[in-house]
Amino acid sequence: MASGDEGTERPGGFEAATGDGPVCGTTPQARAAEVLVAFEGLLQIRRLTNTGTGDPAAVPAQWERRRPVRAVALALEAAGLPAS
């Protein structure tokens with residue numbers, strides 16, 4: 001890892017802020033970028049898996065239904081609402 005990237009990568013990858021513990025130790029700008037990428041990924045998964053619906057991005061994907069706390073936490077964080 002380059003010295004300028006320290007603190008931007010974590011073992012285990014991205015975790016949505018659910019309010020159950022502290023948010024990762026990245027800068028607010030780095031966290032905002034991570035959230036944006038994760039939410040765009042969520043929408044892309046919806047588009048690819050919900051092909052039988054009118055607006056595939058408007059329907060939760062199967063993984064969201066299996067992990068609703070993480071999916072909702074990601075959507076709320078992407079909307080700029082802090083975890084409670």
# chains A, B, ... in the order shown; residues from 1 in each chain; ligands from 1
>>> select_by_dssp(residues="region 6-61 of chain A", states="helix (DSSP H, G or I)", output="PyMOL selection string")
chain A and resi 28-49+56-58
>>> closest_atom_pairs(of="region 20-41 of chain A", to="region 57-74 of chain A", cutoff="12 Å", atoms="only C-alpha atoms", output="tab-separated table")
residue	atom	partner	partner_atom	distance
A:Asp20	CA	A:Val69	CA	10.8
A:Val23	CA	A:Ala73	CA	11.9
A:Arg31	CA	A:Leu74	CA	11.8
A:Ala32	CA	A:Leu74	CA	11.2
A:Glu34	CA	A:Leu74	CA	10.5
A:Val35	CA	A:Leu74	CA	7.2
A:Leu36	CA	A:Leu74	CA	9.4
A:Val37	CA	A:Leu74	CA	10.7
A:Ala38	CA	A:Leu74	CA	7.7
A:Phe39	CA	A:Leu74	CA	6.7
A:Glu40	CA	A:Ala57	CA	10.2
A:Gly41	CA	A:Leu74	CA	10.9
>>> write_last_selection(atoms="N, CA, C and O atoms", output="PDB file, in the first residue's frame")
ATOM      1  N   ASP A  20     -24.003   0.242  15.423  1.00  0.00           N
ATOM      2  CA  ASP A  20     -23.607  -0.738  16.437  1.00  0.00           C
ATOM      3  C   ASP A  20     -22.173  -0.572  16.919  1.00  0.00           C
ATOM      4  O   ASP A  20     -21.744  -1.278  17.799  1.00  0.00           O
ATOM      5  N   VAL A  23     -17.669   3.991  13.303  1.00  0.00           N
ATOM      6  CA  VAL A  23     -17.437   3.927  11.869  1.00  0.00           C
ATOM      7  C   VAL A  23     -15.935   3.832  11.676  1.00  0.00           C
ATOM      8  O   VAL A  23     -15.157   4.320  12.494  1.00  0.00           O
ATOM      9  N   ARG A  31     -14.624   8.211   3.450  1.00  0.00           N
ATOM     10  CA  ARG A  31     -15.832   7.452   3.790  1.00  0.00           C
ATOM     11  C   ARG A  31     -16.957   7.780   2.815  1.00  0.00           C
ATOM     12  O   ARG A  31     -17.669   6.884   2.348  1.00  0.00           O
ATOM     13  N   ALA A  32     -17.128   9.053   2.486  1.00  0.00           N
ATOM     14  CA  ALA A  32     -18.167   9.451   1.539  1.00  0.00           C
ATOM     15  C   ALA A  32     -17.940   8.791   0.179  1.00  0.00           C
ATOM     16  O   ALA A  32     -18.889   8.327  -0.464  1.00  0.00           O
ATOM     17  N   GLU A  34     -16.332   5.915  -0.339  1.00  0.00           N
ATOM     18  CA  GLU A  34     -16.624   4.489  -0.170  1.00  0.00           C
ATOM     19  C   GLU A  34     -18.126   4.230  -0.200  1.00  0.00           C
ATOM     20  O   GLU A  34     -18.584   3.272  -0.815  1.00  0.00           O
ATOM     21  N   VAL A  35     -18.880   5.073   0.481  1.00  0.00           N
ATOM     22  CA  VAL A  35     -20.332   4.914   0.530  1.00  0.00           C
ATOM     23  C   VAL A  35     -20.922   5.075  -0.868  1.00  0.00           C
ATOM     24  O   VAL A  35     -21.791   4.298  -1.276  1.00  0.00           O
ATOM     25  N   LEU A  36     -20.440   6.059  -1.607  1.00  0.00           N
ATOM     26  CA  LEU A  36     -20.938   6.284  -2.964  1.00  0.00           C
ATOM     27  C   LEU A  36     -20.679   5.064  -3.845  1.00  0.00           C
ATOM     28  O   LEU A  36     -21.578   4.602  -4.561  1.00  0.00           O
ATOM     29  N   VAL A  37     -19.472   4.524  -3.780  1.00  0.00           N
ATOM     30  CA  VAL A  37     -19.136   3.342  -4.578  1.00  0.00           C
ATOM     31  C   VAL A  37     -20.003   2.151  -4.164  1.00  0.00           C
ATOM     32  O   VAL A  37     -20.520   1.423  -5.012  1.00  0.00           O
ATOM     33  N   ALA A  38     -20.175   1.950  -2.862  1.00  0.00           N
ATOM     34  CA  ALA A  38     -20.978   0.824  -2.372  1.00  0.00           C
ATOM     35  C   ALA A  38     -22.439   0.964  -2.797  1.00  0.00           C
ATOM     36  O   ALA A  38     -23.074  -0.009  -3.218  1.00  0.00           O
ATOM     37  N   PHE A  39     -22.982   2.172  -2.718  1.00  0.00           N
ATOM     38  CA  PHE A  39     -24.386   2.365  -3.088  1.00  0.00           C
ATOM     39  C   PHE A  39     -24.574   2.200  -4.592  1.00  0.00           C
ATOM     40  O   PHE A  39     -25.563   1.610  -5.032  1.00  0.00           O
ATOM     41  N   GLU A  40     -23.640   2.700  -5.381  1.00  0.00           N
ATOM     42  CA  GLU A  40     -23.715   2.494  -6.829  1.00  0.00           C
ATOM     43  C   GLU A  40     -23.636   1.007  -7.151  1.00  0.00           C
ATOM     44  O   GLU A  40     -24.313   0.527  -8.060  1.00  0.00           O
ATOM     45  N   GLY A  41     -22.815   0.268  -6.398  1.00  0.00           N
ATOM     46  CA  GLY A  41     -22.744  -1.177  -6.575  1.00  0.00           C
ATOM     47  C   GLY A  41     -24.073  -1.848  -6.242  1.00  0.00           C
ATOM     48  O   GLY A  41     -24.516  -2.754  -6.954  1.00  0.00           O
TER      49      GLY A  41
END
>>> residues_around(residues="Pro82 (chain A)", least_positions_apart="2", cutoff="10 Å", atoms="only C-alpha atoms", output="mmCIF file with all heavy atoms, in the first residue's frame")
data_model
loop_
_atom_site.group_PDB
_atom_site.id
_atom_site.type_symbol
_atom_site.label_atom_id
_atom_site.label_comp_id
_atom_site.auth_asym_id
_atom_site.auth_seq_id
_atom_site.Cartn_x
_atom_site.Cartn_y
_atom_site.Cartn_z
ATOM 1 N N ALA A 17 -22.461 1.705 8.039
ATOM 2 C CA ALA A 17 -22.539 2.177 9.427
ATOM 3 C C ALA A 17 -23.938 1.908 9.956
ATOM 4 O O ALA A 17 -24.896 2.553 9.561
ATOM 5 C CB ALA A 17 -22.223 3.665 9.485
ATOM 6 N N THR A 18 -24.048 0.916 10.854
ATOM 7 C CA THR A 18 -25.351 0.533 11.394
ATOM 8 C C THR A 18 -25.646 1.191 12.739
ATOM 9 O O THR A 18 -26.759 1.097 13.237
ATOM 10 C CB THR A 18 -25.434 -0.989 11.579
ATOM 11 O OG1 THR A 18 -24.434 -1.385 12.506
ATOM 12 C CG2 THR A 18 -25.263 -1.724 10.265
ATOM 13 N N GLY A 19 -24.636 1.815 13.341
ATOM 14 C CA GLY A 19 -24.814 2.409 14.651
ATOM 15 C C GLY A 19 -24.421 1.468 15.774
ATOM 16 O O GLY A 19 -24.474 1.827 16.942
ATOM 17 N N ALA A 73 -28.912 0.429 6.214
ATOM 18 C CA ALA A 73 -27.844 1.292 6.715
ATOM 19 C C ALA A 73 -27.075 1.929 5.562
ATOM 20 O O ALA A 73 -26.753 3.123 5.604
ATOM 21 C CB ALA A 73 -26.899 0.499 7.613
ATOM 22 N N LEU A 76 -29.312 4.653 3.941
ATOM 23 C CA LEU A 76 -29.399 5.842 4.782
ATOM 24 C C LEU A 76 -28.090 6.627 4.795
ATOM 25 O O LEU A 76 -28.092 7.853 4.703
ATOM 26 C CB LEU A 76 -29.789 5.455 6.219
ATOM 27 C CG LEU A 76 -31.205 4.920 6.371
ATOM 28 C CD1 LEU A 76 -31.425 4.436 7.815
ATOM 29 C CD2 LEU A 76 -32.235 5.970 5.995
ATOM 30 N N GLU A 77 -26.972 5.913 4.872
ATOM 31 C CA GLU A 77 -25.671 6.589 4.870
ATOM 32 C C GLU A 77 -25.446 7.269 3.524
ATOM 33 O O GLU A 77 -24.925 8.384 3.451
ATOM 34 C CB GLU A 77 -24.555 5.593 5.164
ATOM 35 C CG GLU A 77 -23.249 6.265 5.456
ATOM 36 C CD GLU A 77 -22.168 5.310 5.948
ATOM 37 O OE1 GLU A 77 -22.408 4.092 6.068
ATOM 38 O OE2 GLU A 77 -21.056 5.805 6.214
ATOM 39 N N ALA A 78 -25.855 6.629 2.425
ATOM 40 C CA ALA A 78 -25.721 7.237 1.091
ATOM 41 C C ALA A 78 -26.570 8.490 0.965
ATOM 42 O O ALA A 78 -26.216 9.430 0.252
ATOM 43 C CB ALA A 78 -26.106 6.232 0.017
ATOM 44 N N ALA A 79 -27.679 8.545 1.713
ATOM 45 C CA ALA A 79 -28.552 9.718 1.693
ATOM 46 C C ALA A 79 -28.049 10.817 2.624
ATOM 47 O O ALA A 79 -28.644 11.884 2.709
ATOM 48 C CB ALA A 79 -29.966 9.320 2.078
ATOM 49 N N GLY A 80 -26.966 10.534 3.342
ATOM 50 C CA GLY A 80 -26.379 11.543 4.226
ATOM 51 C C GLY A 80 -26.918 11.518 5.636
ATOM 52 O O GLY A 80 -26.637 12.428 6.419
ATOM 53 N N SER A 84 -27.664 5.804 13.849
ATOM 54 C CA SER A 84 -28.071 6.170 15.211
ATOM 55 C C SER A 84 -27.606 5.131 16.202
ATOM 56 O O SER A 84 -27.202 4.062 15.864
ATOM 57 C CB SER A 84 -29.595 6.272 15.289
ATOM 58 O OG SER A 84 -30.197 5.063 14.940
#
>>> atom_distance(atom1="CA of Ala30 (chain A)", atom2="CA of Phe14 (chain A)")
11.6 Å
>>> atom_distance(atom1="CA of Leu43 (chain A)", atom2="CA of Asp55 (chain A)")
11.0 Å
